[in-house]
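Student: Quick one, start04.cif (mmCIF, C-alpha atoms):
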```cif
data_start
loop_
_atom_site.label_atom_id
_atom_site.label_comp_id
_atom_site.auth_asym_id
_atom_site.auth_seq_id
_atom_site.Cartn_x
_atom_site.Cartn_y
_atom_site.Cartn_z
CA MET A 1 0.00 0.00 0.00
CA THR A 2 1.34 3.44 -0.88
CA ALA A 3 0.81 6.62 1.09
CA ASP A 4 -1.52 8.10 -1.51
CA ALA A 5 -3.69 5.13 -2.49
CA MET A 6 -5.95 3.50 0.06
CA PRO A 7 -7.04 0.12 -1.31
CA ASP A 8 -10.66 -0.15 -2.31
CA VAL A 9 -12.69 -2.32 0.07
CA SER A 10 -13.18 -4.75 -2.80
CA GLU A 11 -9.40 -5.30 -2.81
CA LEU A 12 -9.38 -6.33 0.85
CA PRO A 13 -10.34 -9.79 2.14
CA GLU A 14 -14.06 -10.07 2.89
CA ALA A 15 -13.35 -10.14 6.63
CA PHE A 16 -10.58 -10.67 9.17
CA TYR A 17 -11.70 -14.31 9.59
CA ARG A 18 -13.76 -17.01 7.91
CA SER A 19 -15.58 -19.46 10.13
CA LEU A 20 -14.70 -23.12 9.59
CA GLY A 21 -17.20 -24.36 12.19
CA GLN A 22 -16.77 -25.89 15.67
CA GLY A 23 -14.81 -22.89 16.97
CA ARG A 24 -12.22 -22.96 14.18
CA TYR A 25 -11.41 -19.93 12.02
CA GLU A 26 -9.31 -19.22 8.95
CA SER A 27 -7.26 -16.04 9.37
CA THR A 28 -7.10 -13.77 6.31
CA THR A 29 -4.22 -11.51 5.33
CA ALA A 30 -6.14 -8.57 6.83
CA THR A 31 -5.18 -9.79 10.31
CA ALA A 32 -1.44 -9.30 9.68
CA GLY A 33 0.11 -6.76 12.04
CA PRO A 34 2.67 -4.02 11.37
CA TRP A 35 5.69 -6.07 12.43
CA SER A 36 5.34 -9.05 10.05
CA PRO A 37 2.91 -10.36 7.40
CA LYS A 38 3.12 -13.73 9.18
CA THR A 39 1.86 -12.62 12.60
CA GLN A 40 -1.39 -10.97 13.53
CA HIS A 41 -2.12 -7.61 15.08
CA ALA A 42 -3.67 -8.52 18.43
CA GLY A 43 -6.84 -6.52 17.71
CA PRO A 44 -8.67 -9.03 15.48
CA PRO A 45 -7.94 -12.15 17.61
CA SER A 46 -8.89 -10.21 20.75
CA ALA A 47 -12.23 -9.44 19.13
CA LEU A 48 -12.61 -13.05 17.98
CA LEU A 49 -12.21 -14.27 21.55
CA GLY A 50 -14.50 -11.53 22.87
CA ARG A 51 -17.13 -12.60 20.34
CA ALA A 52 -16.93 -16.18 21.59
CA MET A 53 -17.31 -14.99 25.18
CA GLU A 54 -20.42 -13.00 24.29
CA ARG A 55 -21.93 -16.07 22.61
CA HIS A 56 -21.01 -18.46 25.45
CA THR A 57 -24.23 -19.25 27.40
CA PRO A 58 -25.53 -15.66 27.08
CA ARG A 59 -27.84 -14.33 29.80
CA GLU A 60 -30.56 -11.72 29.33
CA GLY A 61 -29.65 -8.40 30.90
CA PHE A 62 -25.94 -9.25 31.30
CA ARG A 63 -22.99 -7.54 29.57
CA ILE A 64 -19.22 -7.95 29.46
CA ALA A 65 -17.84 -5.06 31.49
CA ARG A 66 -14.15 -5.91 31.47
CA ILE A 67 -11.92 -8.24 29.48
CA THR A 68 -8.17 -8.76 29.92
CA LEU A 69 -6.20 -10.51 27.19
CA GLU A 70 -2.75 -12.02 27.69
CA LEU A 71 -0.37 -12.44 24.74
CA PRO A 72 1.99 -15.35 25.55
CA ARG A 73 3.33 -15.56 21.98
CA PRO A 74 2.67 -13.99 18.57
CA VAL A 75 -0.60 -15.03 16.93
CA PRO A 76 0.20 -16.51 13.50
CA VAL A 77 -1.79 -15.73 10.37
CA ALA A 78 -3.10 -19.28 10.32
CA GLU A 79 -6.05 -21.43 11.38
CA LEU A 80 -7.15 -20.70 14.95
CA LYS A 81 -9.24 -22.60 17.49
CA VAL A 82 -11.33 -20.65 20.02
CA ASP A 83 -12.56 -22.09 23.33
CA VAL A 84 -14.46 -20.49 26.24
CA ARG A 85 -15.56 -21.80 29.64
CA THR A 86 -17.35 -20.43 32.68
CA VAL A 87 -15.11 -20.16 35.76
CA ARG A 88 -17.80 -18.94 38.11
CA SER A 89 -21.47 -18.10 37.59
CA GLY A 90 -23.59 -16.24 40.12
CA GLY A 91 -26.86 -14.39 40.21
CA ARG A 92 -25.31 -11.05 39.26
CA VAL A 93 -21.81 -11.72 37.91
CA GLU A 94 -19.95 -14.33 35.91
CA LEU A 95 -16.24 -14.91 35.33
CA LEU A 96 -15.40 -16.31 31.91
CA GLU A 97 -12.14 -17.71 30.65
CA GLY A 98 -11.07 -18.33 27.07
CA GLU A 99 -8.12 -19.12 24.84
CA ILE A 100 -7.11 -19.18 21.23
CA THR A 101 -4.78 -21.93 20.08
CA SER A 102 -2.86 -22.51 16.87
CA ASN A 103 -1.49 -25.99 16.17
CA GLY A 104 -2.31 -26.86 19.77
CA GLN A 105 -0.31 -23.96 21.26
CA PRO A 106 -2.06 -21.21 23.24
CA VAL A 107 -1.47 -17.85 21.55
CA LEU A 108 -4.09 -15.70 23.32
CA LEU A 109 -5.64 -16.06 26.78
CA ALA A 110 -8.44 -14.03 28.32
CA ARG A 111 -10.62 -13.56 31.37
CA ALA A 112 -13.76 -11.45 31.36
CA TRP A 113 -16.33 -10.30 33.89
CA ARG A 114 -19.90 -10.49 32.66
CA MET A 115 -22.34 -8.75 34.97
CA ILE A 116 -25.93 -7.65 35.21
CA ALA A 117 -26.52 -4.21 33.71
CA SER A 118 -26.86 -1.30 36.13
CA PRO A 119 -30.34 0.18 36.82
CA ALA A 120 -31.70 2.97 34.62
CA ASP A 121 -31.45 5.49 37.48
CA THR A 122 -27.69 4.95 37.98
CA PRO A 123 -26.04 8.40 37.91
CA SER A 124 -23.50 9.33 35.24
CA LEU A 125 -20.32 9.98 37.22
CA ARG A 126 -17.25 11.99 36.28
CA PRO A 127 -18.12 12.65 32.64
CA GLU A 128 -14.93 13.34 30.68
CA PRO A 129 -14.62 16.14 28.12
CA GLY A 130 -16.02 15.05 24.80
CA PRO A 131 -13.76 13.86 21.99
CA PRO A 132 -12.66 16.13 19.16
CA ALA A 133 -14.89 16.15 16.11
CA LEU A 134 -14.45 13.35 13.60
CA PRO A 135 -12.03 14.68 10.96
CA GLY A 136 -12.89 14.40 7.30
CA PRO A 137 -11.47 11.66 5.03
CA GLN A 138 -7.68 11.44 5.04
CA PRO A 139 -5.00 9.74 2.94
CA PRO A 140 -3.99 6.27 4.17
CA LYS A 141 -1.66 6.26 7.14
CA THR A 142 1.92 5.03 7.06
CA MET A 143 4.14 3.68 9.84
CA GLU A 144 7.92 3.58 9.58
CA ALA A 145 9.32 0.11 8.79
CA ALA A 146 5.85 -1.44 9.11
CA HIS A 147 3.84 -3.95 7.10
CA LEU A 148 0.93 -1.83 5.88
CA ASP A 149 -1.13 -4.25 3.79
CA GLY A 150 -2.82 -6.13 6.64
CA TYR A 151 -4.58 -4.69 9.67
CA ILE A 152 -3.43 -1.12 9.09
CA SER A 153 -5.11 -0.94 5.67
CA ALA A 154 -8.17 -2.90 6.88
CA MET A 155 -8.92 -0.06 9.30
CA GLU A 156 -9.72 3.57 8.50
CA TRP A 157 -7.67 6.04 10.56
CA ARG A 158 -8.36 9.74 11.01
CA PHE A 159 -5.78 11.49 13.19
CA GLU A 160 -5.84 15.00 14.55
CA PRO A 161 -4.19 17.50 12.15
CA GLY A 162 -0.44 17.01 12.00
CA GLN A 163 -0.55 13.64 13.75
CA GLY A 164 0.03 10.08 12.62
CA PHE A 165 1.55 6.81 13.77
CA ASP A 166 5.07 8.26 13.47
CA THR A 167 4.24 11.43 15.41
CA PRO A 168 5.56 11.32 19.00
CA GLY A 169 2.63 10.93 21.39
CA PRO A 170 0.35 11.35 23.20
CA GLY A 171 -1.98 10.75 20.29
CA THR A 172 -5.61 11.02 19.25
CA VAL A 173 -7.30 9.14 16.43
CA TRP A 174 -10.77 8.24 15.20
CA ALA A 175 -10.88 4.76 13.66
CA ARG A 176 -13.27 2.15 12.32
CA GLN A 177 -13.15 -1.24 10.61
CA ARG A 178 -13.37 -1.34 6.84
CA ILE A 179 -14.31 -5.04 6.87
CA PRO A 180 -16.25 -7.21 9.36
CA LEU A 181 -14.59 -9.44 11.93
CA VAL A 182 -16.10 -12.72 10.69
CA ALA A 183 -17.34 -13.18 7.14
CA GLY A 184 -21.12 -13.10 6.90
CA LYS A 185 -21.59 -12.21 10.59
CA GLU A 186 -22.62 -8.97 12.28
CA ASP A 187 -20.07 -7.20 14.47
CA THR A 188 -21.07 -6.21 18.00
CA PRO A 189 -20.16 -3.14 20.07
CA LEU A 190 -17.70 -5.25 22.10
CA THR A 191 -15.97 -6.78 19.08
CA ARG A 192 -15.61 -3.39 17.37
CA ALA A 193 -13.97 -1.96 20.51
CA LEU A 194 -11.67 -4.96 20.89
CA THR A 195 -10.61 -4.84 17.24
CA LEU A 196 -9.19 -1.37 17.94
CA ALA A 197 -8.04 -1.73 21.56
CA ASP A 198 -4.57 -3.20 20.92
CA SER A 199 -3.72 -0.13 18.78
CA ASN A 200 -3.79 2.00 21.93
CA TRP A 201 -0.05 2.37 22.51
CA ALA A 202 0.69 2.72 18.78
CA VAL A 203 -1.64 5.72 18.54
CA GLY A 204 0.58 7.55 21.01
CA PHE A 205 4.09 6.13 20.42
CA GLU A 206 6.23 7.78 23.09
CA LEU A 207 8.99 5.17 23.48
CA ASP A 208 11.58 4.45 20.80
CA HIS A 209 10.29 1.16 19.41
CA HIS A 210 12.89 1.12 16.63
CA GLY A 211 16.07 1.48 18.70
CA ARG A 212 14.89 -0.93 21.38
CA LEU A 213 12.26 -3.60 21.88
CA VAL A 214 8.94 -2.16 23.03
CA ILE A 215 5.93 -4.46 22.92
CA ASN A 216 2.75 -4.93 24.93
CA THR A 217 2.19 -8.18 26.83
CA ASP A 218 -1.52 -7.67 27.47
CA VAL A 219 -4.63 -5.62 26.73
CA THR A 220 -7.39 -4.69 29.17
CA LEU A 221 -10.61 -3.15 27.90
CA ALA A 222 -13.05 -1.87 30.52
CA LEU A 223 -16.40 -0.50 29.33
CA HIS A 224 -18.78 1.31 31.68
CA ARG A 225 -21.48 1.26 28.97
CA GLU A 226 -22.13 -0.37 25.63
CA PRO A 227 -20.43 1.51 22.78
CA VAL A 228 -22.54 2.81 19.90
CA GLY A 229 -21.76 3.21 16.21
CA GLU A 230 -18.82 2.11 14.10
CA TRP A 231 -16.41 4.98 14.83
CA PHE A 232 -14.25 5.18 17.98
CA CYS A 233 -12.01 7.94 19.21
CA LEU A 234 -8.91 6.76 21.07
CA ARG A 235 -6.84 9.20 23.13
CA SER A 236 -3.65 7.49 24.24
CA ALA A 237 -0.63 8.33 26.41
CA THR A 238 2.26 6.30 27.83
CA ALA A 239 4.03 6.34 31.19
CA ALA A 240 7.46 4.73 31.72
CA SER A 241 10.24 4.64 34.30
CA PRO A 242 13.92 3.59 34.40
CA GLY A 243 14.21 0.15 35.93
CA GLY A 244 10.51 -0.45 35.35
CA SER A 245 8.29 -0.89 32.32
CA GLY A 246 5.83 1.05 30.21
CA LEU A 247 2.12 1.63 30.76
CA ALA A 248 -0.12 2.79 27.91
CA VAL A 249 -3.50 4.19 28.95
CA GLY A 250 -6.24 5.14 26.52
CA GLN A 251 -9.65 6.77 26.81
CA LEU A 252 -12.19 5.28 24.42
CA ASP A 253 -15.01 7.46 23.11
CA ASP A 254 -17.76 6.94 20.56
CA SER A 255 -20.22 9.39 19.03
CA ALA A 256 -22.01 9.61 22.41
CA GLY A 257 -18.83 10.33 24.41
CA ASP A 258 -16.75 8.43 26.95
CA CYS A 259 -17.44 4.69 27.08
CA GLY A 260 -14.33 3.10 28.59
CA ARG A 261 -10.59 2.71 29.14
CA ILE A 262 -7.76 0.65 27.64
CA LEU A 263 -4.66 -0.41 29.60
CA GLN A 264 -1.52 -2.12 28.26
CA THR A 265 1.69 -3.20 30.00
CA LEU A 266 4.75 -2.53 27.82
CA LEU A 267 7.94 -4.54 27.87
CA VAL A 268 10.85 -2.12 27.33
CA THR A 269 14.28 -3.69 26.76
CA GLU A 270 17.32 -3.77 24.51
CA ARG A 271 17.05 -5.64 21.22
#
```
Taking this structure as input, can you express it in the form of structure tokens?

Tutor:
Amino acid sequence: MTADAMPDVSELPEAFYRSLGQGRYESTTATAGPWSPKTQHAGPPSALLGRAMERHTPREGFRIARITLELPRPVPVAELKVDVRTVRSGGRVELLEGEITSNGQPVLLARAWRMIASPADTPSLRPEPGPPALPGPQPPKTMEAAHLDGYISAMEWRFEPGQGFDTPGPGTVWARQRIPLVAGKEDTPLTRALTLADSNWAVGFELDHHGRLVINTDVTLALHREPVGEWFCLRSATAASPGGSGLAVGQLDDSAGDCGRILQTLLVTER
């Protein structure tokens, strides 16, 4: 992909995944992350596991409020198997656990709290300032030394003026999927948020990820309400300390305002 020619949607795979039945999925080239065409950006598989959790013994009036995903190894662009189980089920909350495996090896692990929705008279506490307006259409975004023809081109990115992936953070971007998660299936508010969530620290690159190894080991998405619409605004910043690690924190907004937070632990070390 060049910097002045965003591929037409018809040139992209029909979705990030194709269902093969019985919890198995074929990964398309759209899942490939910026570091290699052979390994996935963690956004699509996170959403795939979140989708399975939503569909696992669903309960009327319950919603997934928080999901934490662990990344023990890179997720290959290959066939994946998704499994979910209930750890604990109560009258008001449930703890779910899931994993994605490839060739029998776990490549993504997750735990999620599903809980009964709060009453209609629950107050709205600590409303954050609203997001900036959605910018107009922009040329496709580049990223130095990155593979651009997978996930990056399968998403539409609209940064604040003068910003981009290679602009030192903090950063702000509006983004949406250009293709669905699973071919022939409707996306959900949770899967749309998870598809974007792992991009949090990349939106606000503040550590030198070229001169040293900087990579996230996990992703936590906490939603205090169900997101609406296809567009999300992500405002991201990173904290780091000598002798410690990095911590990327993002505020997630939709067209109705603040809906949640994203948290990522960053490994920072020499290459």

Student: Identify, on the basis of all atoms listed in the file, every residue whose closest approach to Leu194 of chain A does not exceed 9 Å; exclude the query and any residue fewer than 5 positions from it along the same chain; express the result as number ranges by chain.

Tutor: A: 43-48, 50, 189, 221

Student: Can you list what the PyMOL selection byres ((chain A and resi 214) around 6) grabs from this structure, as a PDB file with C-alpha atoms, in the coordinates of the input?

Tutor:
```pdb
ATOM      1  CA  HIS A 209      10.290   1.160  19.410  1.00  0.00           C
ATOM      2  CA  LEU A 213      12.260  -3.600  21.880  1.00  0.00           C
ATOM      3  CA  ILE A 215       5.930  -4.460  22.920  1.00  0.00           C
ATOM      4  CA  LEU A 267       7.940  -4.540  27.870  1.00  0.00           C
ATOM      5  CA  VAL A 268      10.850  -2.120  27.330  1.00  0.00           C
TER       6      VAL A 268
END
```

Student: Just so the selection is clear, what residues does the PyMOL selection byres ((chain A and resi 87) around 10) cover here, as a list in words?

Tutor: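 This file, filtered by the PyMOL selection byres ((chain A and resi 87) around 10), leaves Val84, Arg85, Thr86, Arg88, Ser89, Glu94, Leu95, Leu96, Glu97, Gly98, Arg111 and Ala112 of chain A.
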
Student: List the residues matched by the PyMOL selection byres ((chain A and resi 67-80) around 6) in the displayed structure as a JSON list (two decimals) with C-alpha atoms, keeping the file's coordinate frame, ordered by chain and then by residue number.

Tutor:
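Produced file result.json, reproduced below:
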```
[["chain", "number", "residue", "atom", "x", "y", "z"],
["A", 24, "ARG", "CA", -12.22, -22.96, 14.18],
["A", 25, "TYR", "CA", -11.41, -19.93, 12.02],
["A", 26, "GLU", "CA", -9.31, -19.22, 8.95],
["A", 27, "SER", "CA", -7.26, -16.04, 9.37],
["A", 38, "LYS", "CA", 3.12, -13.73, 9.18],
["A", 39, "THR", "CA", 1.86, -12.62, 12.60],
["A", 40, "GLN", "CA", -1.39, -10.97, 13.53],
["A", 66, "ARG", "CA", -14.15, -5.91, 31.47],
["A", 81, "LYS", "CA", -9.24, -22.60, 17.49],
["A", 101, "THR", "CA", -4.78, -21.93, 20.08],
["A", 102, "SER", "CA", -2.86, -22.51, 16.87],
["A", 107, "VAL", "CA", -1.47, -17.85, 21.55],
["A", 108, "LEU", "CA", -4.09, -15.70, 23.32],
["A", 109, "LEU", "CA", -5.64, -16.06, 26.78],
["A", 110, "ALA", "CA", -8.44, -14.03, 28.32],
["A", 111, "ARG", "CA", -10.62, -13.56, 31.37],
["A", 112, "ALA", "CA", -13.76, -11.45, 31.36],
["A", 217, "THR", "CA", 2.19, -8.18, 26.83],
["A", 218, "ASP", "CA", -1.52, -7.67, 27.47],
["A", 219, "VAL", "CA", -4.63, -5.62, 26.73],
["A", 220, "THR", "CA", -7.39, -4.69, 29.17],
["A", 221, "LEU", "CA", -10.61, -3.15, 27.90]]
```

Student: So how far away is atom CA of Glu144 of chain A from atom CA of Gly243 of chain A, in Å?

Tutor: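 Atom CA of Glu144 of chain A lies at a distance of 27.3 Å from atom CA of Gly243 of chain A.
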
Student: So the first atom is atom CA of Ala117 of chain A and the second is atom CA of Arg55 of chain A; what is the distance between them in Å, to one decimal place?

Tutor: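 So the two atoms, atom CA of Ala117 of chain A and atom CA of Arg55 of chain A, lie 16.9 Å apart.
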
Student: Quick one, how far is atom CA of Ile64 of chain A from atom CA of Ala256 of chain A?

Tutor: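 If I compute the distance from atom CA of Ile64 of chain A to atom CA of Ala256 of chain A, I get 19.1 Å.
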
Student: Using all atoms listed in the file, which residue out of A:Thr167, A:Thr142, A:Thr188, A:Ser118 lies closest to Ala52 of chain A?

Tutor: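 Among the listed residues, the smallest separation from Ala52 of chain A belongs to A:Thr188.
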